[in-house]
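*Asks:* Below is work-v4.cif; it holds mmCIF, C-alpha atoms (C1' of nucleotides).
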```cif
data_coords
loop_
_atom_site.label_atom_id
_atom_site.label_comp_id
_atom_site.auth_asym_id
_atom_site.auth_seq_id
_atom_site.Cartn_x
_atom_site.Cartn_y
_atom_site.Cartn_z
CA MET A 1077 -1.31 22.63 -8.97
CA ARG A 1078 -0.53 23.54 -12.52
CA LEU A 1079 -1.72 26.81 -13.92
CA GLU A 1080 -3.99 25.28 -16.53
CA ASP A 1081 -5.64 23.19 -13.85
CA ARG A 1082 -6.35 26.27 -11.84
CA ILE A 1083 -7.90 27.97 -14.82
CA THR A 1084 -9.95 24.91 -15.71
CA ARG A 1085 -11.30 24.70 -12.22
CA ARG A 1086 -12.21 28.35 -12.23
CA ARG A 1087 -14.10 27.92 -15.44
CA GLN A 1088 -15.91 24.85 -14.22
CA ARG A 1089 -16.83 26.57 -11.03
CA GLY A 1090 -18.46 29.33 -13.03
CA GLY A 1091 -19.22 32.42 -11.01
CA THR A 1092 -17.29 33.72 -8.08
CA ARG A 1093 -19.61 32.21 -5.54
CA ARG A 1094 -17.82 32.04 -2.25
CA ARG A 1095 -17.32 28.45 -1.34
CA LEU A 1096 -15.50 26.78 1.45
CA VAL A 1097 -13.85 24.18 -0.73
CA ARG A 1098 -11.94 25.38 -3.73
CA ASP A 1099 -10.05 22.25 -4.64
CA LEU A 1100 -10.08 19.41 -2.18
CA SER A 1101 -7.37 17.56 -4.06
CA ALA A 1102 -4.88 20.18 -2.88
CA LEU A 1103 -5.19 18.61 0.56
CA ASP A 1104 -4.85 15.05 -0.74
CA PRO A 1105 -2.35 13.34 1.59
CA THR A 1106 -1.36 10.92 -1.14
CA ALA A 1107 -0.49 13.54 -3.75
CA HIS A 1108 2.73 15.48 -3.94
CA PRO A 1109 3.01 19.05 -5.13
CA ASP A 1110 5.41 19.93 -7.89
CA GLU A 1111 7.69 21.90 -5.63
CA PRO A 1112 8.12 20.27 -2.26
CA THR A 1113 8.24 22.79 0.56
CA GLY A 1114 10.98 22.78 3.15
CA ARG A 1115 13.03 19.91 1.75
CA GLY A 1116 15.83 21.94 0.20
CA PRO A 1117 18.70 20.34 2.11
CA THR A 1118 17.43 16.86 1.39
CA LEU A 1119 17.14 17.68 -2.27
CA GLU A 1120 20.73 18.93 -2.23
CA ARG A 1121 22.03 15.78 -0.61
CA ILE A 1122 20.34 13.56 -3.15
CA LEU A 1123 21.66 15.73 -5.95
CA ASP A 1124 25.14 15.47 -4.46
CA HIS A 1125 24.85 11.76 -4.68
CA LEU A 1126 23.60 11.85 -8.24
CA ASP A 1127 26.32 14.30 -9.24
CA PRO A 1128 28.30 11.81 -11.37
CA ILE A 1129 25.53 11.73 -13.93
CA PHE A 1130 26.35 15.27 -14.95
CA ASP A 1131 29.78 14.02 -15.98
CA GLY A 1132 28.30 11.06 -17.78
CA ASP A 1133 29.09 8.59 -15.01
CA LEU A 1134 26.79 6.27 -13.16
CA PRO A 1135 26.36 6.97 -9.44
CA PRO A 1136 26.56 4.04 -7.02
CA ASN A 1137 23.41 2.51 -5.59
CA ALA A 1138 21.98 4.35 -2.61
CA HIS A 1139 19.20 4.24 -0.09
CA ILE A 1140 17.07 7.08 1.21
CA TYR A 1141 15.22 6.60 4.45
CA GLY A 1142 13.09 8.59 6.84
CA PRO A 1143 9.84 8.39 8.77
CA LYS A 1144 6.36 8.38 7.27
CA GLY A 1145 5.20 11.74 6.00
CA ALA A 1146 8.68 13.24 5.87
CA GLY A 1147 8.44 14.16 2.22
CA LYS A 1148 10.66 11.42 0.80
CA SER A 1149 8.32 10.52 -2.01
CA ALA A 1150 7.56 14.15 -2.67
CA VAL A 1151 11.23 14.96 -3.17
CA VAL A 1152 12.13 11.91 -5.19
CA THR A 1153 9.16 12.01 -7.55
CA THR A 1154 9.64 15.65 -8.47
CA LEU A 1155 13.40 15.27 -8.67
CA PHE A 1156 13.16 12.38 -11.11
CA GLU A 1157 10.53 14.09 -13.15
CA HIS A 1158 12.76 17.10 -13.58
CA LEU A 1159 15.89 15.07 -14.19
CA SER A 1160 14.36 13.11 -17.00
CA ARG A 1161 13.38 16.40 -18.57
CA VAL A 1162 16.72 18.14 -18.11
CA VAL A 1163 19.14 15.33 -18.81
CA PRO A 1164 18.80 14.16 -22.38
CA SER A 1165 18.31 10.48 -22.87
CA GLN A 1166 18.67 8.29 -25.89
CA GLN A 1167 15.05 8.09 -26.74
CA SER A 1168 14.32 11.77 -26.44
CA VAL A 1169 17.31 12.75 -28.51
CA ILE A 1170 16.97 12.86 -32.24
CA TYR A 1171 20.10 11.33 -33.64
CA THR A 1172 22.28 13.83 -35.36
CA THR A 1173 25.78 13.69 -36.68
CA THR A 1174 26.86 15.98 -33.88
CA ARG A 1175 26.09 13.38 -31.26
CA THR A 1176 29.36 12.07 -29.95
CA ALA A 1177 29.60 8.43 -30.66
CA GLY A 1178 29.81 6.41 -27.49
CA ALA A 1179 28.91 9.25 -25.15
CA PRO A 1180 26.78 7.61 -22.48
CA THR A 1181 23.30 8.87 -21.98
CA THR A 1182 21.30 8.50 -18.81
CA SER A 1183 17.62 7.76 -18.37
CA PHE A 1184 15.58 8.08 -15.20
CA ALA A 1185 12.77 5.93 -13.97
CA TYR A 1186 10.68 6.33 -10.84
CA ILE A 1187 9.03 3.11 -9.69
CA ASP A 1188 6.61 2.74 -6.81
CA ALA A 1189 7.15 -0.71 -5.33
CA ARG A 1190 3.58 -0.62 -4.09
CA ASP A 1191 2.44 -0.86 -7.69
CA ALA A 1192 5.29 -3.18 -8.61
CA SER A 1193 5.54 -5.51 -5.70
CA THR A 1194 7.15 -8.53 -7.31
CA GLU A 1195 10.39 -8.89 -9.24
CA PHE A 1196 8.34 -9.36 -12.36
CA ALA A 1197 6.36 -6.21 -11.73
CA LEU A 1198 9.50 -4.24 -10.86
CA LEU A 1199 11.23 -5.16 -14.10
CA HIS A 1200 8.07 -4.62 -16.04
CA ALA A 1201 7.52 -1.18 -14.58
CA THR A 1202 11.14 -0.24 -15.20
CA LEU A 1203 11.01 -1.33 -18.80
CA ASP A 1204 7.72 0.46 -19.22
CA ALA A 1205 9.16 3.67 -17.82
CA LEU A 1206 12.22 3.46 -20.06
CA SER A 1207 10.38 2.60 -23.24
CA GLU A 1208 8.04 4.46 -25.46
CA GLU A 1209 5.89 1.52 -26.39
CA SER A 1210 3.78 -0.23 -23.79
CA ILE A 1211 5.02 -3.57 -22.56
CA PRO A 1212 2.72 -6.56 -22.22
CA SER A 1213 2.29 -7.54 -18.61
CA GLN A 1214 1.05 -11.04 -19.11
CA GLY A 1215 2.13 -14.05 -21.04
CA VAL A 1216 5.76 -13.09 -20.74
CA GLY A 1217 8.16 -14.46 -18.20
CA VAL A 1218 10.64 -12.79 -15.91
CA GLU A 1219 13.51 -14.11 -18.00
CA ALA A 1220 12.16 -12.54 -21.17
CA LEU A 1221 11.75 -9.24 -19.34
CA ARG A 1222 15.36 -9.33 -18.20
CA ASP A 1223 16.47 -9.79 -21.78
CA ARG A 1224 14.46 -6.90 -23.09
CA LEU A 1225 15.52 -4.66 -20.25
CA ALA A 1226 19.19 -5.57 -20.66
CA ARG A 1227 18.97 -4.78 -24.34
CA ARG A 1228 17.36 -1.46 -23.52
CA VAL A 1229 20.29 -0.32 -21.39
CA SER A 1230 23.04 -1.98 -23.32
CA TYR A 1231 25.76 -0.12 -25.20
CA ASP A 1232 26.06 3.44 -24.06
CA GLU A 1233 22.78 3.82 -22.24
CA ARG A 1234 22.51 4.02 -18.47
CA ALA A 1235 19.55 4.30 -16.19
CA VAL A 1236 19.00 5.52 -12.66
CA VAL A 1237 15.99 3.79 -11.17
CA ALA A 1238 14.31 5.07 -8.03
CA VAL A 1239 12.35 2.38 -6.23
CA ASP A 1240 10.04 3.98 -3.70
CA HIS A 1241 8.41 2.37 -0.66
CA VAL A 1242 10.78 -0.54 -0.22
CA GLY A 1243 10.68 -2.49 3.01
CA GLU A 1244 6.95 -2.19 3.56
CA PRO A 1245 4.79 -5.22 4.37
CA GLU A 1246 3.47 -5.52 0.82
CA THR A 1247 6.76 -4.74 -0.93
CA TYR A 1248 10.33 -6.01 -0.64
CA GLU A 1249 13.59 -4.96 0.95
CA ALA A 1250 15.88 -2.41 -0.63
CA MET A 1251 18.54 -5.03 -1.34
CA THR A 1252 16.04 -7.15 -3.23
CA ALA A 1253 15.31 -4.31 -5.61
CA ILE A 1254 18.99 -3.53 -6.04
CA GLU A 1255 19.90 -7.14 -6.71
CA ALA A 1256 17.03 -7.62 -9.13
CA LEU A 1257 18.17 -4.73 -11.28
CA GLU A 1258 21.86 -5.49 -10.93
CA ALA A 1259 21.16 -8.98 -12.22
CA VAL A 1260 19.84 -7.43 -15.41
CA SER A 1261 22.62 -5.07 -16.26
CA PRO A 1262 25.55 -3.24 -14.66
CA ASN A 1263 24.26 -0.10 -16.31
CA PHE A 1264 21.63 0.39 -13.66
CA SER A 1265 22.01 2.55 -10.61
CA VAL A 1266 19.31 2.01 -8.02
CA LEU A 1267 18.03 4.58 -5.55
CA THR A 1268 15.78 2.92 -3.02
CA VAL A 1269 13.44 4.85 -0.77
CA GLY A 1270 12.01 3.47 2.45
CA ARG A 1271 11.20 4.14 6.08
CA THR A 1272 14.02 2.22 7.69
CA PRO A 1273 17.78 2.38 7.32
CA LEU A 1274 19.59 -0.58 5.82
CA ASP A 1275 20.66 -3.09 8.36
CA GLY A 1276 23.96 -4.67 9.25
CA GLU A 1277 26.55 -5.27 6.60
CA THR A 1278 24.55 -3.89 3.70
CA ALA A 1279 24.50 -0.55 5.47
CA GLU A 1280 28.24 -0.37 5.00
CA ARG A 1281 28.18 -1.16 1.31
CA ILE A 1282 25.32 1.08 0.25
CA GLN A 1283 25.40 4.81 0.74
CA SER A 1284 22.47 6.22 2.62
CA VAL A 1285 20.70 9.53 2.88
CA SER A 1286 18.55 10.10 5.92
CA VAL A 1287 15.52 12.37 5.71
CA PRO A 1288 14.45 13.86 9.06
CA LYS A 1289 10.85 14.45 9.94
CA TYR A 1290 9.56 17.94 9.24
CA GLU A 1291 10.22 20.71 11.68
CA ARG A 1292 7.07 22.18 13.14
CA HIS A 1293 7.36 25.41 11.17
CA SER A 1294 8.04 23.61 7.89
CA LEU A 1295 4.96 21.51 8.35
CA VAL A 1296 2.92 24.64 9.05
CA ASP A 1297 4.25 26.13 5.81
CA ILE A 1298 3.17 23.05 3.92
CA LEU A 1299 -0.29 23.08 5.41
CA VAL A 1300 -0.73 26.76 4.72
CA ALA A 1301 0.38 26.35 1.12
CA ARG A 1302 -1.89 23.38 0.54
CA ALA A 1303 -4.82 25.04 2.27
CA SER A 1304 -4.47 28.17 0.19
CA ASP A 1305 -5.12 26.09 -2.91
CA GLY A 1306 -7.64 23.84 -1.26
CA VAL A 1307 -10.02 25.95 0.73
CA ALA A 1308 -11.36 29.47 0.88
CA ARG A 1309 -9.11 32.18 2.20
CA ASN A 1310 -9.37 32.45 5.98
CA ALA A 1311 -11.26 29.18 6.25
CA LEU A 1312 -8.48 27.93 8.50
CA THR A 1313 -7.09 30.10 11.24
CA HIS A 1314 -3.39 30.08 11.86
CA GLU A 1315 -3.99 28.78 15.32
CA VAL A 1316 -5.90 25.74 14.12
CA THR A 1317 -3.29 25.05 11.48
CA SER A 1318 -0.43 25.07 13.94
CA ASN A 1319 -2.38 22.86 16.28
CA VAL A 1320 -2.62 20.29 13.54
CA ALA A 1321 1.08 20.59 12.82
CA ALA A 1322 1.91 20.16 16.50
CA TRP A 1323 -0.35 17.16 16.82
CA ALA A 1324 1.08 15.51 13.70
CA ASP A 1325 4.62 15.77 15.05
CA GLY A 1326 6.27 16.32 11.70
CA ASP A 1327 4.17 13.83 9.77
CA ALA A 1328 2.77 15.60 6.73
CA HIS A 1329 0.64 12.64 5.80
CA ASP A 1330 -1.21 12.60 9.09
CA ALA A 1331 -1.57 16.36 9.17
CA LEU A 1332 -3.04 16.46 5.68
CA SER A 1333 -5.29 13.51 6.42
CA ALA A 1334 -6.69 15.39 9.39
CA LEU A 1335 -7.23 18.55 7.41
CA TYR A 1336 -8.73 16.66 4.51
CA GLY A 1337 -11.17 14.91 6.81
CA ALA A 1338 -12.00 18.14 8.61
CA THR A 1339 -12.70 19.84 5.33
CA THR A 1340 -15.11 17.17 4.12
CA LEU A 1341 -16.98 17.42 7.42
CA ALA A 1342 -17.20 21.18 7.32
CA ALA A 1343 -18.32 21.10 3.70
CA THR A 1344 -21.15 18.64 4.32
CA ASP A 1345 -22.30 20.83 7.18
CA GLY A 1346 -22.30 23.82 4.90
CA ALA A 1347 -19.99 25.67 7.25
CA ASP A 1348 -18.04 28.60 5.86
CA THR A 1349 -14.94 28.06 7.95
CA ILE A 1350 -13.18 24.97 9.21
CA GLY A 1351 -13.42 25.50 12.93
CA ALA A 1352 -11.60 23.69 15.68
CA GLU A 1353 -14.47 21.24 16.13
CA TYR A 1354 -14.06 19.96 12.59
CA VAL A 1355 -10.31 19.82 12.82
CA ASP A 1356 -10.52 17.93 16.10
CA ALA A 1357 -12.78 15.41 14.45
CA GLY A 1358 -10.39 15.19 11.55
CA MET A 1359 -7.49 14.48 13.89
CA ASP A 1360 -9.53 11.95 15.84
CA ALA A 1361 -10.20 10.07 12.63
CA VAL A 1362 -6.49 9.55 12.02
CA PRO A 1363 -5.34 6.54 14.02
CA GLU A 1364 -2.10 6.67 15.90
CA ASP A 1365 0.54 4.67 14.05
CA GLY A 1366 -1.94 4.30 11.25
CA CYS A 1367 -0.94 3.18 7.82
CA SER A 1368 -0.60 5.73 5.08
CA LEU A 1369 -3.45 6.21 2.67
CA GLY A 1370 -1.02 5.75 -0.17
CA ARG A 1371 -0.70 2.13 0.80
CA VAL A 1372 -4.44 1.76 0.99
CA PHE A 1373 -4.98 3.18 -2.47
CA ALA A 1374 -2.18 1.13 -3.98
CA LEU A 1375 -4.17 -2.01 -3.27
CA PRO A 1376 -6.01 -3.76 -6.09
CA ASP A 1377 -9.55 -2.67 -6.92
CA SER A 1378 -11.11 -5.73 -5.34
CA ARG A 1379 -9.60 -4.68 -2.00
CA HIS A 1380 -10.92 -1.16 -2.46
CA HIS A 1381 -14.40 -2.53 -2.84
CA VAL A 1382 -14.06 -4.55 0.32
CA LEU A 1383 -12.69 -1.58 2.24
CA ARG A 1384 -15.31 0.77 0.91
CA ALA A 1385 -18.00 -1.53 2.25
CA PHE A 1386 -16.04 -2.15 5.43
CA VAL A 1387 -15.72 1.49 6.45
CA GLU A 1388 -19.48 1.92 6.23
CA LEU A 1389 -20.21 -0.80 8.78
CA ASP A 1390 -21.45 0.07 12.25
CA ASP A 1391 -20.06 -1.28 15.50
CA GLU A 1392 -22.39 -4.22 15.53
CA ASP A 1393 -21.33 -5.40 12.10
CA THR A 1394 -17.65 -5.21 12.96
CA ALA A 1395 -17.90 -7.08 16.24
CA SER A 1396 -15.97 -9.97 14.74
CA VAL A 1397 -14.22 -10.83 11.52
CA SER A 1398 -17.06 -13.19 10.70
CA ALA A 1399 -19.71 -10.55 11.28
CA ALA A 1400 -17.83 -8.07 9.14
CA THR A 1401 -17.37 -10.70 6.44
CA GLU A 1402 -21.07 -11.37 6.36
CA ALA A 1403 -21.98 -7.70 6.25
CA ILE A 1404 -19.49 -6.97 3.49
CA ALA A 1405 -20.64 -9.96 1.48
CA SER A 1406 -24.19 -8.64 1.53
CA THR A 1407 -23.06 -5.37 -0.01
CA PRO A 1408 -24.07 -5.45 -3.67
CA THR A 1409 -20.88 -3.78 -4.90
CA VAL A 1410 -18.70 -6.57 -3.55
CA SER A 1411 -18.71 -9.63 -5.76
CA LEU A 1412 -16.24 -11.78 -3.86
CA SER A 1413 -17.28 -14.90 -2.01
CA GLU A 1414 -17.47 -14.89 1.76
CA ALA A 1415 -14.43 -17.10 2.01
CA THR A 1416 -12.40 -14.62 0.04
CA ILE A 1417 -13.68 -11.57 1.87
CA ARG A 1418 -12.74 -13.22 5.12
CA ARG A 1419 -9.28 -14.00 3.83
CA VAL A 1420 -8.90 -10.47 2.50
CA LEU A 1421 -9.70 -9.05 5.92
CA TYR A 1422 -7.00 -11.19 7.49
CA GLU A 1423 -4.64 -10.30 4.71
CA LEU A 1424 -5.24 -6.58 5.23
CA SER A 1425 -4.73 -7.05 8.91
CA ASP A 1426 -1.36 -8.69 8.28
CA LEU A 1427 -0.41 -5.68 6.21
CA GLY A 1428 -1.37 -3.33 9.02
CA ILE A 1429 -4.14 -1.76 6.97
CA VAL A 1430 -6.77 -3.23 9.26
CA ARG A 1431 -6.16 -3.68 12.96
CA ARG A 1432 -7.75 -6.38 15.05
CA VAL A 1433 -8.50 -5.80 18.69
CA SER A 1434 -9.72 -8.50 21.00
CA GLU A 1435 -12.84 -7.64 22.93
CA ARG A 1436 -12.35 -8.39 26.58
CA ASP A 1437 -16.00 -8.33 27.57
CA SER A 1438 -18.50 -10.18 25.40
CA THR A 1439 -17.51 -13.81 25.74
CA ASP A 1440 -20.61 -15.55 24.54
CA GLY A 1441 -20.68 -19.27 24.07
CA PRO A 1442 -17.91 -21.71 23.34
CA GLY A 1443 -15.23 -21.38 20.74
CA ARG A 1444 -12.47 -18.95 20.25
CA PRO A 1445 -13.38 -15.36 21.15
CA ALA A 1446 -13.72 -12.88 18.33
CA THR A 1447 -11.48 -9.97 17.44
CA ARG A 1448 -12.93 -6.75 16.15
CA PRO A 1449 -11.45 -5.57 12.86
CA ILE A 1450 -11.04 -1.82 12.59
CA PRO A 1451 -9.56 0.27 9.78
CA ASN A 1452 -6.08 1.53 10.54
CA PHE A 1453 -6.40 4.71 8.51
CA SER A 1454 -8.62 7.76 8.51
CA THR A 1455 -11.90 6.48 7.16
CA LEU A 1456 -13.01 10.06 6.84
CA ALA A 1457 -10.24 10.90 4.41
CA PHE A 1458 -10.58 7.50 2.76
CA ARG A 1459 -14.22 8.06 1.88
CA GLY A 1460 -13.54 11.44 0.40
CA LEU A 1461 -10.54 10.30 -1.60
CA ILE A 1462 -11.94 7.08 -2.95
CA ASP A 1463 -14.87 8.90 -4.48
CA THR A 1464 -12.73 11.42 -6.29
CA ASN A 1465 -9.62 9.45 -7.17
CA HIS A 1466 -10.56 5.86 -7.45
"C1'" DA B 184 -0.86 -24.57 -27.89
"C1'" DA B 185 2.06 -23.10 -24.34
"C1'" DT B 186 3.52 -19.92 -20.96
"C1'" DC B 187 3.03 -16.79 -17.39
"C1'" DC B 188 1.44 -14.04 -13.38
"C1'" DA B 189 -2.38 -12.53 -10.41
"C1'" DC B 190 -6.36 -13.59 -8.16
"C1'" DC B 191 -9.78 -16.61 -5.76
"C1'" DG B 192 -12.01 -19.98 -3.23
"C1'" DG B 193 -12.16 -23.29 0.00
"C1'" DA B 194 -9.87 -26.76 2.73
"C1'" DA B 195 -6.93 -27.55 6.57
"C1'" DT B 196 -5.06 -26.16 10.84
"C1'" DT B 197 -4.77 -23.62 15.14
"C1'" DT B 198 -6.59 -21.43 19.09
"C1'" DA B 199 -9.09 -19.69 23.34
"C1'" DG B 200 -12.31 -20.68 26.50
"C1'" DG B 201 -15.99 -23.43 28.79
"C1'" DG B 202 -17.59 -27.96 30.35
"C1'" DC B 203 -16.87 -32.10 32.61
"C1'" DA B 204 -14.67 -35.78 35.12
"C1'" DC B 205 -11.80 -36.74 38.68
"C1'" DG C 1226 -9.70 -27.17 42.71
"C1'" DT C 1227 -7.20 -29.01 38.67
"C1'" DG C 1228 -6.49 -30.61 34.28
"C1'" DC C 1229 -8.07 -32.67 29.95
"C1'" DC C 1230 -11.23 -32.56 26.23
"C1'" DC C 1231 -14.51 -30.45 23.19
"C1'" DT C 1232 -16.39 -26.83 20.35
"C1'" DA C 1233 -16.81 -23.24 17.34
"C1'" DA C 1234 -14.57 -19.66 15.62
"C1'" DA C 1235 -10.24 -17.70 14.13
"C1'" DT C 1236 -6.44 -17.98 11.17
"C1'" DT C 1237 -3.38 -19.82 7.61
"C1'" DC C 1238 -2.11 -22.13 3.45
"C1'" DC C 1239 -2.20 -23.96 -1.12
"C1'" DG C 1240 -3.82 -25.60 -5.53
"C1'" DG C 1241 -6.99 -24.23 -9.29
"C1'" DT C 1242 -8.52 -20.73 -12.66
"C1'" DG C 1243 -8.49 -16.79 -15.81
"C1'" DG C 1244 -7.04 -13.66 -19.03
"C1'" DA C 1245 -3.36 -12.15 -21.98
"C1'" DT C 1246 0.48 -12.86 -24.91
"C1'" DT C 1247 3.90 -15.08 -27.86
#
```
As structure tokens, what does this structure read like?
*Replies:*
Amino acid sequence: MRLEDRITRRRQRGGTRRRLVRDLSALDPTAHPDEPTGRGPTLERILDHLDPIFDGDLPPNAHIYGPKGAGKSAVVTTLFEHLSRVVPSQQSVIYTTTRTAGAPTTSFAYIDARDASTEFALLHATLDALSEESIPSQGVGVEALRDRLARRVSYDERAVVAVDHVGEPETYEAMTAIEALEAVSPNFSVLTVGRTPLDGETAERIQSVSVPKYERHSLVDILVARASDGVARNALTHEVTSNVAAWADGDAHDALSALYGATTLAATDGADTIGAEYVDAGMDAVPEDGCSLGRVFALPDSRHHVLRAFVELDDEDTASVSAATEAIASTPTVSLSEATIRRVLYELSDLGIVRRVSERDSTDGPGRPATRPIPNFSTLAFRGLIDTNH
DNA sequence: AATCCACCGGAATTTAGGGCAC
DNA sequence: GTGCCCTAAATTCCGGTGGATT
């Protein structure tokens, strides 16, 4: 959290009333702190790879991979933010006579493929990140985007583009991103970030950096640091915190989701500490092999509305996809037709955001038996986050 | 006016299980 | 008892529409 934010929050809070929750967003599993904890070696390895830029050269394309919640996004986002500040680029430099003619300059762009999940969107987001002015996102074709982007990096300008979250169900493979940008200009270097290593022959052509899951003690450090900003001092015992870290098995996302959920529960109860009972409930709310909340929140608004209604349904209303569809359709905040809601539920289930389980027991009447749709993420954390962030 | 992408809605297809005839 | 057919629900697929821009 930035210093001014801290001060602002203090002022808004007014007095020094002792409260359990200081700043819930500090425990947000989808947000990354400015200085990632415990990822020094990874940072170094990525910097090693990017080293040519400090000599004015363009590094080769590369791929970073590691399991969910290993801090990949945290490292890459902060790294690129700092790089674009430290390394001067064409647009931030005021032209002077001292500028060596022809000396290449390098720009940096961080793109989240979840928000840019088509080639069009990828190019658009890249151009947007590299340009001052905003770029129209409609009424212009892919070809026109390529032209503008190529012009942007022509001459002596280079750009390193990080494309995060490649290879997920709603995005594309690393090679797709690399090829899309290579087709625009040879002045691009692409750094893809995903969960899985490259396969087969591409693995030999593209350098890779593997990010291991967090060690237990590193994850504890992260949780302690986040909790110290998020909740009152001593609200979480060390024992409870390390239990969460052990349970999460190196996955910072799951650990934070559990703590976030636990905190919302404790706060609604008016408790003054987050005891084991809350943390257990928080952990229970996080499904095994669940999908990350980042993916959930990257969905379009219409899907958020559906999910928001969906997570409020009781067991009876989620007995089948049809039942859930009906219940969601009767929610006033959802304006989609039943046909679309139904399709959305199937769509989300394809993406792994909703899971469908077949009910063995209740086989009533003819026809194909129903499957019960259930959210594949912590609904507890989802509810808290969607109110504050979305 | 023409072009372009994203989003929606509904139609078309597939499927699992029970009923019925043999 | 076995296998085919029927039903209703589950699941998938595609063409139309909208809003924005040049």
*Asks:* Work out how far apart atom C1' of B:DG200 and atom C1' of C:DC1238 are and give it in Å to one decimal.
*Replies:*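 Straight-line distance from atom C1' of B:DG200 to atom C1' of C:DC1238 works out to 25.2 Å.
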*Asks:* Would you list the contacts of B:DT198 as a list in words, taking every protein, DNA or RNA residue within 10 Å and counting all atoms listed in the file, but skipping same-chain residues closer than 2 positions in sequence?
*Replies:* Gly1443, Arg1444 and Pro1445 of chain A; DT196 and DG200 of chain B; DA1234, DA1235 and DT1236 of chain C
*Asks:* I need every residue sitting at most 12 Å from the point (-7.2, 13.3, 18.3) (coordinates as in the file, only C-alpha atoms (C1' of nucleotides) considered), written as a list in words.
*Replies:* Asn1319, Val1320, Ala1322, Trp1323, Ala1324, Asp1330, Ala1331, Ala1334, Ala1338, Ala1352, Glu1353, Tyr1354, Val1355, Asp1356, Ala1357, Gly1358, Met1359, Asp1360, Ala1361, Val1362, Pro1363, Glu1364 and Ser1454 of chain A
*Asks:* May I have the residues within 9 Å of C:DT1246 as a list in words, using all atoms listed in the file and disregarding those fewer than 5 positions away in the same chain?
*Replies:*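 Here the answer would be Pro1212, Ser1213, Gln1214, Gly1215 and Val1216 of chain A; DT186 and DC187 of chain B.
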*Asks:* Given the file above and the PyMOL selection byres ((chain A) within 12 of (chain C)), which residues are selected, and can you give them as an MDAnalysis selection string?
*Replies:* chainID A and resid 1211:1217 1220 1396:1399 1418:1423 1425:1426 1432 1434 1440:1448
*Asks:* Have a look at atom CA of A:Leu1369 and atom CA of A:Asp1275 and let me know their distance in Å, one decimal.
*Replies:*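 Answer for the atom CA of A:Leu1369 to atom CA of A:Asp1275 separation: 26.5 Å.
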*Asks:* Run the PyMOL selection byres ((chain B) within 10 of (chain A)) on the file and write out the hits as JSON, numbers by chain.
*Replies:* {"B": [185, 186, 187, 188, 189, 190, 191, 192, 193, 198, 199, 200, 201, 202]}
*Asks:* May I have the residues within 12 Å of A:Val1307 as a count of residues only, using all atoms listed in the file and disregarding those fewer than 5 positions away in the same chain?
*Replies:* 27
*Asks:* Suppose you want the space between atom CA of A:His1293 and atom CA of A:Ser1368; what is it in Å?
*Replies:*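 Distance reported for this atom pair: 22.1 Å.
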*Asks:* A:Ile1187: which residues within 7 Å, counting only C-alpha atoms (C1' of nucleotides), same-chain residues fewer than 4 positions away excluded, as a PDB file with C-alpha atoms, in the coordinates of the input?
*Replies:*
```pdb
ATOM      1  CA  ALA A1201       7.520  -1.180 -14.580  1.00  0.00           C
ATOM      2  CA  THR A1202      11.140  -0.240 -15.200  1.00  0.00           C
ATOM      3  CA  ALA A1238      14.310   5.070  -8.030  1.00  0.00           C
ATOM      4  CA  VAL A1239      12.350   2.380  -6.230  1.00  0.00           C
ATOM      5  CA  ASP A1240      10.040   3.980  -3.700  1.00  0.00           C
TER       6      ASP A1240
END
```
*Asks:* I need the residue nearest A:Ala1253 from this list: A:His1329, A:Arg1379, A:His1108, A:His1139. Use only C-alpha atoms for the distance.
*Replies:*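 Counting only C-alpha atoms, the residue closest to A:Ala1253 is A:His1139.
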*Asks:* For this structure, which residues satisfy the selection - the PyMOL selection byres ((chain A and resi 1125-1137) around 9) - when it is evaluated on the file as given? I want them as a compact mmCIF listing (two decimals) with C-alpha atoms, in the coordinates of the input.
*Replies:*
```txt
# COMPACT_ATOMS: atom_id res chain seq x y z
CA GLU A 1120 20.73 18.93 -2.23
CA ARG A 1121 22.03 15.78 -0.61
CA ILE A 1122 20.34 13.56 -3.15
CA LEU A 1123 21.66 15.73 -5.95
CA ASP A 1124 25.14 15.47 -4.46
CA ALA A 1138 21.98 4.35 -2.61
CA HIS A 1139 19.20 4.24 -0.09
CA VAL A 1163 19.14 15.33 -18.81
CA ALA A 1179 28.91 9.25 -25.15
CA PRO A 1180 26.78 7.61 -22.48
CA THR A 1181 23.30 8.87 -21.98
CA THR A 1182 21.30 8.50 -18.81
CA ARG A 1234 22.51 4.02 -18.47
CA ALA A 1235 19.55 4.30 -16.19
CA VAL A 1236 19.00 5.52 -12.66
CA ILE A 1254 18.99 -3.53 -6.04
CA ASN A 1263 24.26 -0.10 -16.31
CA PHE A 1264 21.63 0.39 -13.66
CA SER A 1265 22.01 2.55 -10.61
CA VAL A 1266 19.31 2.01 -8.02
CA LEU A 1267 18.03 4.58 -5.55
CA THR A 1268 15.78 2.92 -3.02
CA ILE A 1282 25.32 1.08 0.25
CA GLN A 1283 25.40 4.81 0.74
CA VAL A 1285 20.70 9.53 2.88
```
